[in-house]
file entry.txt (compact mmCIF, C-alpha atoms)
# COMPACT_ATOMS: atom_id res chain seq x y z
CA MET O 1021 54.60 98.64 130.34
CA LYS O 1022 53.24 99.22 126.89
CA GLN O 1023 55.23 97.31 124.26
CA PHE O 1024 55.60 99.27 121.01
CA GLY O 1025 57.30 96.49 119.10
CA TYR O 1026 60.59 98.32 118.69
CA SER O 1027 63.92 96.67 119.36
CA ILE O 1028 67.60 97.47 119.00
CA ASN O 1029 69.71 95.20 116.85
CA PRO O 1030 73.10 94.24 118.21
CA ASP O 1031 75.99 95.94 116.35
CA ARG O 1032 77.27 93.68 113.54
CA GLN O 1033 80.45 95.72 113.14
CA ILE O 1034 83.71 94.05 114.12
CA ASP O 1035 85.50 96.45 116.48
CA TYR O 1036 89.04 95.19 115.99
CA ASP O 1037 90.36 97.30 118.86
CA LEU O 1038 88.16 95.41 121.33
CA THR O 1039 88.05 91.81 120.07
CA ASP O 1040 90.02 89.08 121.84
CA LYS O 1041 93.16 87.92 120.02
CA SER O 1042 94.63 85.79 122.84
CA LEU O 1043 93.07 82.63 121.40
CA LEU O 1044 94.53 83.47 118.00
CA SER O 1045 98.06 83.90 119.38
CA PHE O 1046 97.78 80.52 121.11
CA ILE O 1047 96.57 78.82 117.91
CA VAL O 1048 99.24 80.47 115.73
CA SER O 1049 101.93 79.13 118.08
CA PHE O 1050 100.35 75.65 117.64
CA GLU O 1051 99.88 75.90 113.88
CA PRO O 1052 101.81 78.84 112.28
CA SER O 1053 100.93 77.68 108.76
CA LEU O 1054 97.51 79.33 109.11
CA LEU O 1055 99.29 82.65 108.47
CA SER O 1056 99.81 81.56 104.86
CA CYS O 1057 96.08 81.48 104.08
CA ILE O 1058 95.23 83.47 100.95
CA SER O 1059 91.46 83.25 101.54
CA CYS O 1060 90.83 81.46 98.25
CA GLY O 1061 88.05 79.22 99.64
CA THR O 1062 89.33 75.95 98.14
CA CYS O 1063 89.01 74.34 101.59
CA THR O 1064 85.36 75.29 101.85
CA ALA O 1065 84.58 74.24 98.29
CA THR O 1066 85.83 70.71 98.94
CA CYS O 1067 84.49 70.42 102.51
CA THR O 1068 82.11 67.46 102.96
CA ALA O 1069 80.55 68.96 106.11
CA GLY O 1070 80.09 72.24 104.25
CA HIS O 1071 77.95 70.50 101.62
CA PHE O 1072 75.37 69.49 104.23
CA THR O 1073 75.66 72.21 106.89
CA ASP O 1074 76.54 75.92 106.93
CA PHE O 1075 80.08 75.07 108.08
CA ASN O 1076 82.60 77.35 106.32
CA ILE O 1077 86.14 76.73 107.52
CA ARG O 1078 87.54 79.65 105.50
CA ARG O 1079 85.13 82.04 107.21
CA VAL O 1080 85.64 80.48 110.66
CA HIS O 1081 89.37 81.00 110.22
CA THR O 1082 88.93 84.61 109.02
CA LEU O 1083 86.70 85.43 112.01
CA LEU O 1084 89.29 83.89 114.33
CA ARG O 1085 91.91 86.18 112.75
CA ARG O 1086 89.70 89.16 113.61
CA GLY O 1087 89.27 87.98 117.20
CA GLU O 1088 85.60 87.04 116.71
CA ILE O 1089 85.46 83.82 118.73
CA THR O 1090 81.98 83.53 120.23
CA THR O 1091 80.69 81.03 117.66
CA LEU O 1092 83.99 79.13 117.30
CA LYS O 1093 83.25 76.20 119.61
CA LYS O 1094 79.87 75.51 118.03
CA GLU O 1095 81.22 75.85 114.49
CA ILE O 1096 84.12 73.41 114.71
CA GLN O 1097 81.83 70.65 116.01
CA LYS O 1098 80.60 70.38 112.41
CA CYS O 1099 84.02 69.28 111.09
CA MET O 1100 84.56 65.52 110.69
CA LEU O 1101 88.35 65.85 110.37
CA CYS O 1102 88.35 64.08 107.00
CA GLY O 1103 91.25 66.25 105.83
CA LYS O 1104 90.10 66.88 102.26
CA CYS O 1105 90.54 70.64 102.82
CA GLN O 1106 94.18 70.10 103.67
CA LEU O 1107 94.78 68.09 100.49
CA ALA O 1108 93.20 70.87 98.43
CA CYS O 1109 94.82 73.89 100.14
CA PRO O 1110 97.27 75.65 97.73
CA ALA O 1111 98.97 77.57 100.54
CA GLY O 1112 100.04 74.55 102.57
CA VAL O 1113 97.90 75.25 105.63
CA ASN O 1114 97.73 72.25 107.96
CA LEU O 1115 93.96 72.49 108.39
CA ARG O 1116 93.45 69.32 110.41
CA ASN O 1117 95.93 70.49 112.99
CA LEU O 1118 94.33 73.93 112.87
CA ILE O 1119 90.95 72.40 113.80
CA ARG O 1120 92.60 70.30 116.48
CA SER O 1121 94.33 73.43 117.84
CA ILE O 1122 91.01 75.25 117.94
CA HIS O 1123 89.51 72.35 119.93
CA VAL O 1124 92.38 72.56 122.42
CA ALA O 1125 92.19 76.37 122.56
CA VAL O 1126 88.45 76.66 123.18
CA GLU O 1127 88.80 74.25 126.13
CA LYS O 1128 91.87 76.04 127.52
CA PHE O 1129 90.37 79.52 127.19
CA ASN O 1130 86.87 78.29 128.04
CA VAL O 1131 85.07 80.11 125.21
CA MET J 1342 126.85 115.92 60.19
CA GLY J 1343 125.60 112.91 62.18
CA LYS J 1344 121.99 112.43 63.05
CA SER J 1345 120.66 113.45 66.43
CA VAL J 1346 117.85 112.64 68.84
CA ILE J 1347 116.11 114.84 71.39
CA ILE J 1348 114.75 113.03 74.44
CA ILE J 1349 112.21 114.86 76.58
CA GLY J 1350 112.21 113.62 80.17
CA GLY J 1351 115.29 112.67 82.16
CA GLY J 1352 113.83 109.89 84.28
CA ILE J 1353 114.65 106.20 84.04
CA ALA J 1354 113.40 105.72 80.47
CA GLY J 1355 115.04 108.92 79.20
CA MET J 1356 118.39 108.12 80.77
CA GLU J 1357 118.51 104.51 79.56
CA ALA J 1358 117.37 105.39 76.02
CA ALA J 1359 119.94 108.22 75.89
CA ALA J 1360 122.68 105.84 76.95
CA ARG J 1361 121.75 103.20 74.37
CA ILE J 1362 121.35 105.64 71.48
CA ALA J 1363 124.63 107.39 72.36
CA ALA J 1364 126.39 104.02 72.59
CA MET J 1365 125.42 103.47 68.95
CA GLY J 1366 127.14 106.71 67.96
CA LYS J 1367 124.26 109.18 67.67
CA GLU J 1368 124.14 112.61 69.30
CA VAL J 1369 121.52 112.90 72.06
CA ILE J 1370 120.12 115.97 73.77
CA LEU J 1371 118.43 114.94 77.02
CA LEU J 1372 115.97 117.57 78.29
CA GLU J 1373 114.79 117.57 81.92
CA LYS J 1374 112.37 120.02 83.56
CA SER J 1375 113.74 119.67 87.09
CA ASP J 1376 117.24 120.35 88.39
CA GLN J 1377 118.31 116.70 88.44
CA LEU J 1378 118.04 113.51 86.41
CA GLY J 1379 116.44 110.30 87.67
CA GLY J 1380 112.80 111.33 88.09
CA HIS J 1381 110.79 109.38 90.65
CA LEU J 1382 113.72 106.97 91.13
CA ARG J 1383 115.48 109.54 93.34
CA LYS J 1384 112.62 109.43 95.84
CA TRP J 1385 112.91 105.69 96.45
CA ASP J 1386 115.03 104.09 99.14
CA ARG J 1387 114.96 100.40 98.21
CA LEU J 1388 113.24 98.80 95.23
CA PHE J 1389 110.88 95.83 95.01
CA PRO J 1390 111.24 92.88 94.81
CA THR J 1391 115.05 92.70 95.12
CA ARG J 1392 115.37 95.38 97.82
CA ARG J 1393 118.23 96.89 95.82
CA LYS J 1394 119.13 100.47 96.78
CA SER J 1395 117.59 102.84 94.20
CA ASP J 1396 120.88 104.77 94.17
CA GLU J 1397 122.57 101.75 92.54
CA VAL J 1398 120.14 101.90 89.63
CA PHE J 1399 120.66 105.65 89.34
CA GLU J 1400 124.41 105.13 89.29
CA TYR J 1401 124.08 102.51 86.53
CA LEU J 1402 121.88 104.85 84.46
CA SER J 1403 124.25 107.80 85.01
CA ASN J 1404 127.26 105.77 83.96
CA GLY J 1405 125.64 105.13 80.59
CA LEU J 1406 125.56 108.83 79.70
CA ASN J 1407 128.74 109.31 77.66
CA ASP J 1408 130.08 112.45 75.93
CA LYS J 1409 127.59 112.06 73.07
CA VAL J 1410 124.78 112.98 75.49
CA THR J 1411 124.15 116.66 76.19
CA ILE J 1412 122.19 117.00 79.42
CA ARG J 1413 120.03 120.10 79.77
CA LEU J 1414 118.36 120.62 83.15
CA ASN J 1415 115.67 123.12 84.28
CA ILE J 1416 114.18 123.13 80.79
CA LYS J 1417 110.78 124.54 79.92
CA ILE J 1418 109.45 123.79 76.44
CA ASN J 1419 107.38 126.43 74.72
CA LYS J 1420 106.62 124.81 71.42
CA ILE J 1421 107.49 121.83 69.23
CA LYS J 1422 107.47 122.11 65.42
CA LYS J 1423 108.16 119.56 62.74
CA ASP J 1424 108.98 119.85 59.05
CA ASP J 1425 109.51 116.95 56.62
CA ARG J 1426 112.77 115.86 58.18
CA HIS J 1427 113.37 117.59 61.49
CA PHE J 1428 111.87 118.36 64.87
CA PHE J 1429 112.38 121.82 66.37
CA VAL J 1430 111.99 122.07 70.14
CA ILE J 1431 111.65 125.73 71.11
CA LEU J 1432 112.48 126.53 74.72
CA GLU J 1433 110.98 129.23 76.90
CA ASP J 1434 113.92 131.60 76.29
CA GLY J 1435 113.48 131.26 72.52
CA GLU J 1436 116.37 128.83 71.93
CA SER J 1437 115.56 126.32 69.21
CA LEU J 1438 116.93 122.77 69.31
CA LYS J 1439 116.90 120.64 66.17
CA SER J 1440 116.86 116.85 65.82
CA ASP J 1441 116.07 114.02 63.41
CA ALA J 1442 113.99 112.07 65.90
CA LEU J 1443 112.13 112.86 69.10
CA LEU J 1444 111.54 110.56 72.06
CA LEU J 1445 108.95 111.33 74.76
CA THR J 1446 109.83 109.87 78.17
CA THR J 1447 107.78 112.23 80.28
CA GLY J 1448 106.56 109.54 82.66
CA TYR J 1449 103.79 109.88 85.22
CA ASP J 1450 102.70 111.93 88.21
CA LEU J 1451 101.58 110.37 91.48
CA PHE J 1452 97.84 110.61 92.06
CA GLU J 1453 97.15 113.51 94.44
CA ALA J 1454 95.94 111.58 97.49
CA GLY J 1455 94.15 114.65 98.89
CA LYS J 1456 91.55 114.24 96.14
CA LYS J 1457 90.26 111.20 98.03
CA GLU J 1458 89.13 113.55 100.78
CA GLU J 1459 87.43 110.77 102.75
CA TYR J 1460 90.86 109.25 103.52
CA GLY J 1461 92.04 112.47 105.17
CA TYR J 1462 95.36 113.13 103.44
CA GLY J 1463 96.34 116.75 104.05
CA ILE J 1464 93.70 116.92 106.80
CA TYR J 1465 94.94 114.44 109.42
CA ASP J 1466 98.63 114.48 110.35
CA ASN J 1467 98.97 110.70 110.53
CA VAL J 1468 97.66 109.97 107.06
CA ILE J 1469 100.63 109.83 104.67
CA THR J 1470 101.32 108.50 101.17
CA SER J 1471 103.64 105.68 100.13
CA ALA J 1472 105.95 108.39 98.70
CA ASP J 1473 106.05 110.12 102.12
CA LEU J 1474 106.87 106.79 103.76
CA GLU J 1475 109.62 106.10 101.22
CA ALA J 1476 111.10 109.53 102.06
CA MET J 1477 111.11 108.47 105.75
CA PHE J 1478 113.00 105.29 104.81
CA ARG J 1479 115.48 107.39 102.84
CA ASN J 1480 115.99 110.05 105.48
CA SER J 1481 115.52 108.70 108.95
CA ALA J 1482 116.35 105.77 111.13
CA GLU J 1483 112.89 105.29 112.63
CA ILE J 1484 109.32 105.41 111.38
CA LYS J 1485 107.36 107.75 113.64
CA THR J 1486 103.93 109.32 113.88
CA SER J 1487 103.32 113.08 113.78
CA GLY J 1488 103.56 112.99 117.59
CA ASN J 1489 107.10 111.57 117.28
CA GLN J 1490 106.04 108.16 118.64
CA LYS J 1491 106.75 104.75 117.17
CA PRO J 1492 103.44 103.59 115.66
CA ARG J 1493 102.01 100.46 117.31
CA ARG J 1494 99.72 99.77 114.38
CA VAL J 1495 100.05 100.84 110.74
CA GLY J 1496 97.45 100.50 107.97
CA PHE J 1497 98.11 100.45 104.23
CA VAL J 1498 95.33 101.43 101.82
CA HIS J 1499 95.66 99.89 98.35
CA CYS J 1500 94.26 101.36 95.11
CA VAL J 1501 94.24 105.05 96.14
CA GLY J 1502 93.25 106.84 92.93
CA SER J 1503 93.37 103.59 90.95
CA ARG J 1504 90.47 101.36 89.86
CA ASP J 1505 88.29 104.26 90.90
CA GLU J 1506 85.78 105.79 88.54
CA LYS J 1507 85.16 108.65 91.00
CA ALA J 1508 88.84 109.56 90.86
CA GLY J 1509 88.67 109.37 87.06
CA HIS J 1510 91.12 106.47 86.86
CA LEU J 1511 89.57 103.12 86.07
CA TYR J 1512 92.88 101.40 85.42
CA CYS J 1513 95.14 99.48 87.83
CA SER J 1514 98.45 101.21 88.61
CA LYS J 1515 100.13 97.79 88.84
CA VAL J 1516 103.00 98.50 91.20
CA CYS J 1517 101.22 99.85 94.30
CA CYS J 1518 100.34 96.36 95.66
CA VAL J 1519 103.94 95.21 95.69
CA THR J 1520 105.13 98.62 96.93
CA GLY J 1521 102.78 98.34 99.91
CA VAL J 1522 103.93 94.82 100.73
CA LYS J 1523 107.60 95.85 100.40
CA GLN J 1524 107.09 98.84 102.67
CA ALA J 1525 105.12 96.79 105.21
CA ILE J 1526 108.01 94.31 105.43
CA GLU J 1527 110.50 97.17 105.80
CA ILE J 1528 108.57 98.63 108.74
CA LYS J 1529 108.51 95.17 110.39
CA GLU J 1530 112.28 94.79 109.85
CA LYS J 1531 112.96 98.16 111.49
CA GLN J 1532 110.29 97.98 114.18
CA PRO J 1533 109.16 94.36 114.64
CA ASP J 1534 106.60 95.19 117.33
CA THR J 1535 104.44 97.10 114.84
CA GLU J 1536 101.15 95.46 113.82
CA ILE J 1537 100.47 95.95 110.11
CA PHE J 1538 97.23 95.67 108.13
CA CYS J 1539 96.85 96.01 104.37
CA PHE J 1540 93.37 96.91 103.09
CA TYR J 1541 93.08 95.66 99.52
CA MET J 1542 90.51 94.88 96.82
CA ASP J 1543 92.63 92.37 94.90
CA LEU J 1544 96.30 91.76 95.45
CA ARG J 1545 97.87 92.00 92.03
CA MET J 1546 101.29 90.46 92.59
CA PHE J 1547 101.82 89.93 88.87
CA ASP J 1548 105.56 89.90 88.33
CA ARG J 1549 108.33 87.50 89.13
CA TYR J 1550 109.03 87.10 92.89
CA PHE J 1551 106.16 89.42 93.85
CA GLU J 1552 104.09 86.52 95.20
CA ASP J 1553 107.13 85.42 97.23
CA LEU J 1554 107.15 88.84 98.86
CA TYR J 1555 103.45 88.48 99.73
CA TYR J 1556 104.13 85.03 101.20
CA GLU J 1557 107.05 86.40 103.23
CA ALA J 1558 104.87 89.25 104.49
CA GLN J 1559 102.26 86.81 105.80
CA GLN J 1560 104.35 83.89 106.96
CA LYS J 1561 107.51 85.56 108.30
CA TRP J 1562 106.19 88.93 109.44
CA GLY J 1563 102.52 88.23 110.30
CA ILE J 1564 101.34 91.16 108.20
CA GLN J 1565 97.56 90.90 107.88
CA PHE J 1566 95.52 91.43 104.76
CA ILE J 1567 91.91 92.54 105.01
CA ARG J 1568 89.91 92.45 101.80
CA GLY J 1569 87.84 95.59 101.57
CA ARG J 1570 88.16 99.16 100.44
CA LEU J 1571 88.17 101.89 103.09
CA SER J 1572 84.98 103.89 103.17
CA GLU J 1573 86.49 106.63 105.33
CA SER J 1574 88.99 107.47 108.01
CA CYS J 1575 88.58 109.87 110.92
CA GLU J 1576 90.95 111.28 113.48
CA ASN J 1577 90.71 110.35 117.18
CA PRO J 1578 91.43 113.00 119.85
CA ASP J 1579 94.94 111.50 120.31
CA HIS J 1580 95.57 111.94 116.53
CA SER J 1581 95.41 108.22 115.80
CA ILE J 1582 93.20 107.28 112.85
CA LEU J 1583 89.97 105.27 112.93
CA VAL J 1584 89.41 103.38 109.69
CA LYS J 1585 86.17 101.83 108.47
CA VAL J 1586 86.04 99.04 105.96
CA GLU J 1587 83.89 96.08 105.01
CA ASP J 1588 85.77 92.92 105.86
CA THR J 1589 84.36 91.30 102.74
CA LEU J 1590 85.65 87.82 103.65
CA THR J 1591 83.56 87.71 106.82
CA GLY J 1592 80.79 89.82 105.29
CA ARG J 1593 80.81 92.26 108.19
CA PRO J 1594 81.71 95.90 108.65
CA LEU J 1595 84.94 96.41 110.59
CA LYS J 1596 86.60 99.34 112.30
CA MET J 1597 90.02 99.68 113.85
CA THR J 1598 92.42 102.29 115.12
CA VAL J 1599 95.81 102.74 113.45
CA ASP J 1600 98.57 105.13 114.50
CA LEU J 1601 99.71 105.72 110.93
CA LEU J 1602 97.75 105.26 107.70
CA VAL J 1603 99.69 104.91 104.44
CA LEU J 1604 97.88 105.60 101.15
CA LEU J 1605 99.27 103.74 98.13
CA SER J 1606 98.87 106.46 95.51
CA GLY J 1607 98.59 105.34 91.90
CA PHE J 1608 99.95 106.61 88.58
CA VAL J 1609 98.35 109.38 86.55
CA PRO J 1610 99.58 110.70 83.20
CA SER J 1611 102.00 113.56 83.88
CA SER J 1612 100.64 117.05 83.30
CA ASP J 1613 103.55 117.81 80.93
CA THR J 1614 102.72 114.78 78.81
CA ASN J 1615 99.26 116.20 78.13
CA LYS J 1616 100.72 119.54 77.01
CA LEU J 1617 103.33 117.92 74.75
CA ALA J 1618 100.78 115.51 73.27
CA ASP J 1619 98.65 118.53 72.37
CA MET J 1620 101.59 120.25 70.64
CA LEU J 1621 102.41 117.09 68.68
CA GLY J 1622 98.83 116.16 67.80
CA LEU J 1623 98.91 112.85 69.69
CA LEU J 1624 95.63 111.47 71.00
CA PRO J 1625 95.92 109.81 74.41
CA GLY J 1626 94.20 106.48 75.17
CA SER J 1627 91.00 106.27 77.21
CA ASP J 1628 93.13 106.21 80.38
CA GLY J 1629 94.98 109.41 79.44
CA PHE J 1630 98.34 107.73 78.79
CA LEU J 1631 99.92 107.88 75.31
CA THR J 1632 99.56 104.95 72.98
CA PRO J 1633 101.98 103.51 70.41
CA VAL J 1634 100.91 102.66 66.85
CA ASP J 1635 100.65 98.97 67.64
CA GLU J 1636 100.74 97.50 71.12
CA HIS J 1637 102.38 94.24 70.05
CA PHE J 1638 104.60 95.02 67.08
CA ARG J 1639 105.41 98.74 67.07
CA THR J 1640 105.47 99.43 70.77
CA ASN J 1641 107.52 102.65 70.71
CA GLU J 1642 106.36 104.29 67.47
CA THR J 1643 103.60 106.90 67.16
CA GLN J 1644 101.39 108.17 64.32
CA VAL J 1645 103.95 110.96 63.85
CA ASP J 1646 106.95 109.91 61.76
CA GLY J 1647 110.13 110.13 63.86
CA LEU J 1648 108.30 110.54 67.17
CA PHE J 1649 108.74 107.76 69.71
CA LEU J 1650 107.50 106.89 73.22
CA ALA J 1651 109.12 104.96 76.07
CA GLY J 1652 108.42 104.15 79.71
CA THR J 1653 105.52 105.18 81.90
CA VAL J 1654 104.32 107.83 79.48
CA LYS J 1655 102.49 104.77 78.08
CA GLY J 1656 101.02 103.69 81.41
CA PRO J 1657 102.04 102.22 84.77
CA ALA J 1658 105.16 100.05 84.66
CA THR J 1659 107.90 98.65 86.89
CA ILE J 1660 111.45 100.01 86.73
CA GLU J 1661 112.59 96.75 85.13
CA ASN J 1662 109.99 97.08 82.36
CA THR J 1663 110.77 100.78 81.91
CA ILE J 1664 114.46 100.07 81.34
CA THR J 1665 113.64 97.28 78.88
CA ASP J 1666 111.19 99.52 77.04
CA ALA J 1667 113.77 102.31 76.78
CA ARG J 1668 116.22 99.87 75.14
CA SER J 1669 113.51 98.80 72.73
CA ALA J 1670 112.84 102.46 71.85
CA ALA J 1671 116.57 103.00 71.25
CA ILE J 1672 116.62 100.15 68.71
CA SER J 1673 113.54 101.53 66.92
CA ILE J 1674 115.06 105.01 66.79
CA ILE J 1675 118.41 103.81 65.43
CA LYS J 1676 116.56 101.83 62.75
CA TYR J 1677 114.56 104.95 61.87
CA LEU J 1678 117.67 107.16 61.66
CA GLU J 1679 119.47 104.72 59.40
CA LYS J 1680 116.54 104.34 57.03
call {"tool": "encode", "arguments": {"input": "entry.txt", "output": "structure tokens"}}
result
Amino acid sequence: MKQFGYSINPDRQIDYDLTDKSLLSFIVSFEPSLLSCISCGTCTATCTAGHFTDFNIRRVHTLLRRGEITTLKKEIQKCMLCGKCQLACPAGVNLRNLIRSIHVAVEKFNV
Amino acid sequence: MGKSVIIIGGGIAGMEAAARIAAMGKEVILLEKSDQLGGHLRKWDRLFPTRRKSDEVFEYLSNGLNDKVTIRLNIKINKIKKDDRHFFVILEDGESLKSDALLLTTGYDLFEAGKKEEYGYGIYDNVITSADLEAMFRNSAEIKTSGNQKPRRVGFVHCVGSRDEKAGHLYCSKVCCVTGVKQAIEIKEKQPDTEIFCFYMDLRMFDRYFEDLYYEAQQKWGIQFIRGRLSESCENPDHSILVKVEDTLTGRPLKMTVDLLVLLSGFVPSSDTNKLADMLGLLPGSDGFLTPVDEHFRTNETQVDGLFLAGTVKGPATIENTITDARSAAISIIKYLEK
């Protein structure tokens, strides 16, 4: 078949009605302090991994809250669990346990 | 004969100023255009951040009105004149009222949410304003959609008519953020199974205990905050509402269905204020609200000798600040009368 060079981009829009929040519920029960996040980005500003890779824990967390979990497993591999983010967080989010919970969750839900 | 003060506007500021001036022995005539005192306060159920019943505040304000205060309801003002020493307020029926000082407490109007046509107020049944929701709290046991169902998901839209050059109001209305968070918590208390989303640009929780309310909303009630201003809403065949927003913290467009959409309407200068300002030769500020002579030192005085301002006629304010400002105006007026 003749190829015309056209393609269709996948939809970038988050359709909140369709995304999967089961992983989120599981993680919230593990680490409810993530609900206190005020999206200030202090965690990401101090993140050692974030200085050398595109790892952005604030954004990973926000996507998780929206039920966007396809990249989650790959993303959290970049964290070295140093815990600087947790020291810096003004809202008292237990970020190390959040990351640990995500590790447990992605195995359990096989994402 | 003792000196007297006419106060135009029987809302919170007018009532409190009347009470304070009367308590210091001056005659007060309190003029109100509607058939009751209290202004917007009467439309509230519970107040932020204390969750006090608004009726308690109204009762406190009413109790301050002693026999030195003459209350005149259903008043329409035709004209205001001033000579060297007195103000003459001429009513629609020709009656002329005379006083030594005049206080404007004509407050604000709520922004007409229908002007933001893209949000669908007045078009879709399940798009309501924060004032409509407050009326539901005041009047009924349950929050329901137009189809008489409990909403499973409710959205709150911040900054409706505020911080919006297209709406002609560049300023922040200050109290809508905390109103939205208060109302979101109240829906969760009544109907805990409801999912709630607040769509905001910045959360301006500026006053004491406001941030605590925000924290409670997130931590205790799981209310979710999505940073982004709605571009539009549309109605689904089942009368639920589809909202579109940029989730600016993930950098992606987002859509979701809500059963009820609440628009947090901002403050605009009241239409009567504009008319009265014209009669008195007062120039409003760039935002349309009236401005005192000096915003630090002479906060209730105007360019016109004997003419004072108090409350939200000067811009958006909390009830607490309005009451404090009315007391401040009372002191300035007494000082003026005794000069």
call {"tool": "interface_residues", "arguments": {"input": "entry.txt", "of": "chain O", "to": "chain J", "cutoff": "9 Å", "atoms": "only C-alpha atoms", "output": "MDAnalysis selection string"}}
result
chainID O and resid 1032:1038 1052:1059 1078:1080 1082:1083 1085
call {"tool": "axis_aligned_box", "arguments": {"input": "entry.txt", "around": "region 1611-1621 of chain J", "padding_each_side": "5 Å", "output": "JSON"}}
result
{"center_x": 101.1, "center_y": 116.9, "center_z": 76.3, "size_x": 14.9, "size_y": 16.7, "size_z": 25.2}
call {"tool": "closest_residue", "arguments": {"input": "entry.txt", "among": "J:Ser1481, J:Phe1649, J:Asp1628, J:Gly1435", "to": "Glu1506 (chain J)", "atoms": "all atoms listed in the file"}}
result
J:Asp1628
call {"tool": "residues_around", "arguments": {"input": "entry.txt", "residues": "region 1421-1430 of chain J", "least_positions_apart": "5", "cutoff": "8 Å", "atoms": "all atoms listed in the file", "output": "JSON, numbers by chain"}}
result
{"J": [1437, 1438, 1439, 1440, 1441, 1442, 1443, 1617, 1620, 1621]}
call {"tool": "closest_residue", "arguments": {"input": "entry.txt", "among": "J:Ala1667, J:Leu1678, J:Ala1472, J:Val1609", "to": "His1510 (chain J)", "atoms": "all atoms listed in the file"}}
result
J:Val1609
call {"tool": "atom_distance", "arguments": {"input": "entry.txt", "atom1": "CA of Arg1086 (chain O)", "atom2": "CA of Glu1051 (chain O)"}}
result
16.7 Å
call {"tool": "closest_residue", "arguments": {"input": "entry.txt", "among": "J:Phe1608, J:Phe1540, J:Tyr1401, J:Phe1551", "to": "Gly1629 (chain J)", "atoms": "all atoms listed in the file"}}
result
J:Phe1608
call {"tool": "atom_distance", "arguments": {"input": "entry.txt", "atom1": "CA of Val1634 (chain J)", "atom2": "CA of Val1410 (chain J)"}}
result
27.4 Å
call {"tool": "closest_atom_pairs", "arguments": {"input": "entry.txt", "of": "region 1497-1598 of chain J", "to": "region 1483-1489 of chain J", "cutoff": "10 Å", "atoms": "all atoms listed in the file", "output": "Markdown table"}}
result
| residue | atom | partner | partner_atom | distance |
| --- | --- | --- | --- | --- |
| J:Ile1528 | CA | J:Ile1484 | CA | 7.3 |
| J:Lys1531 | CA | J:Glu1483 | CA | 7.2 |
| J:Gln1532 | CA | J:Glu1483 | CA | 7.9 |
| J:Asp1579 | CA | J:Gly1488 | CA | 9.2 |
| J:His1580 | CA | J:Gly1488 | CA | 8.1 |
| J:Ser1581 | CA | J:Thr1486 | CA | 8.8 |
call {"tool": "build_atoms", "arguments": {"input": "entry.txt", "residues": "region 1049-1061 of chain O", "atoms": "N, CA and C atoms", "output": "JSON list (two decimals), in the coordinates of the input"}}
result
[["chain", "number", "residue", "atom", "x", "y", "z"],
["O", 1049, "SER", "N", 100.72, 79.79, 117.56],
["O", 1049, "SER", "CA", 101.93, 79.13, 118.08],
["O", 1049, "SER", "C", 101.83, 77.61, 117.88],
["O", 1050, "PHE", "N", 100.61, 77.07, 117.90],
["O", 1050, "PHE", "CA", 100.35, 75.65, 117.64],
["O", 1050, "PHE", "C", 100.50, 75.32, 116.16],
["O", 1051, "GLU", "N", 99.94, 76.20, 115.31],
["O", 1051, "GLU", "CA", 99.88, 75.90, 113.88],
["O", 1051, "GLU", "C", 100.17, 77.17, 113.05],
["O", 1052, "PRO", "N", 101.46, 77.58, 112.96],
["O", 1052, "PRO", "CA", 101.81, 78.84, 112.28],
["O", 1052, "PRO", "C", 101.45, 78.86, 110.80],
["O", 1053, "SER", "N", 101.22, 77.68, 110.20],
["O", 1053, "SER", "CA", 100.93, 77.68, 108.76],
["O", 1053, "SER", "C", 99.63, 78.40, 108.42],
["O", 1054, "LEU", "N", 98.77, 78.64, 109.43],
["O", 1054, "LEU", "CA", 97.51, 79.33, 109.11],
["O", 1054, "LEU", "C", 97.77, 80.76, 108.63],
["O", 1055, "LEU", "N", 98.95, 81.30, 108.94],
["O", 1055, "LEU", "CA", 99.29, 82.65, 108.47],
["O", 1055, "LEU", "C", 99.44, 82.72, 106.95],
["O", 1056, "SER", "N", 99.63, 81.56, 106.32],
["O", 1056, "SER", "CA", 99.81, 81.56, 104.86],
["O", 1056, "SER", "C", 98.51, 81.58, 104.08],
["O", 1057, "CYS", "N", 97.38, 81.54, 104.77],
["O", 1057, "CYS", "CA", 96.08, 81.48, 104.08],
["O", 1057, "CYS", "C", 95.91, 82.66, 103.14],
["O", 1058, "ILE", "N", 95.48, 82.39, 101.91],
["O", 1058, "ILE", "CA", 95.23, 83.47, 100.95],
["O", 1058, "ILE", "C", 93.72, 83.64, 100.71],
["O", 1059, "SER", "N", 92.92, 83.07, 101.57],
["O", 1059, "SER", "CA", 91.46, 83.25, 101.54],
["O", 1059, "SER", "C", 90.83, 82.88, 100.20],
["O", 1060, "CYS", "N", 91.34, 81.82, 99.58],
["O", 1060, "CYS", "CA", 90.83, 81.46, 98.25],
["O", 1060, "CYS", "C", 89.53, 80.68, 98.33],
["O", 1061, "GLY", "N", 89.30, 79.96, 99.47],
["O", 1061, "GLY", "CA", 88.05, 79.22, 99.64],
["O", 1061, "GLY", "C", 88.07, 77.80, 99.09]]
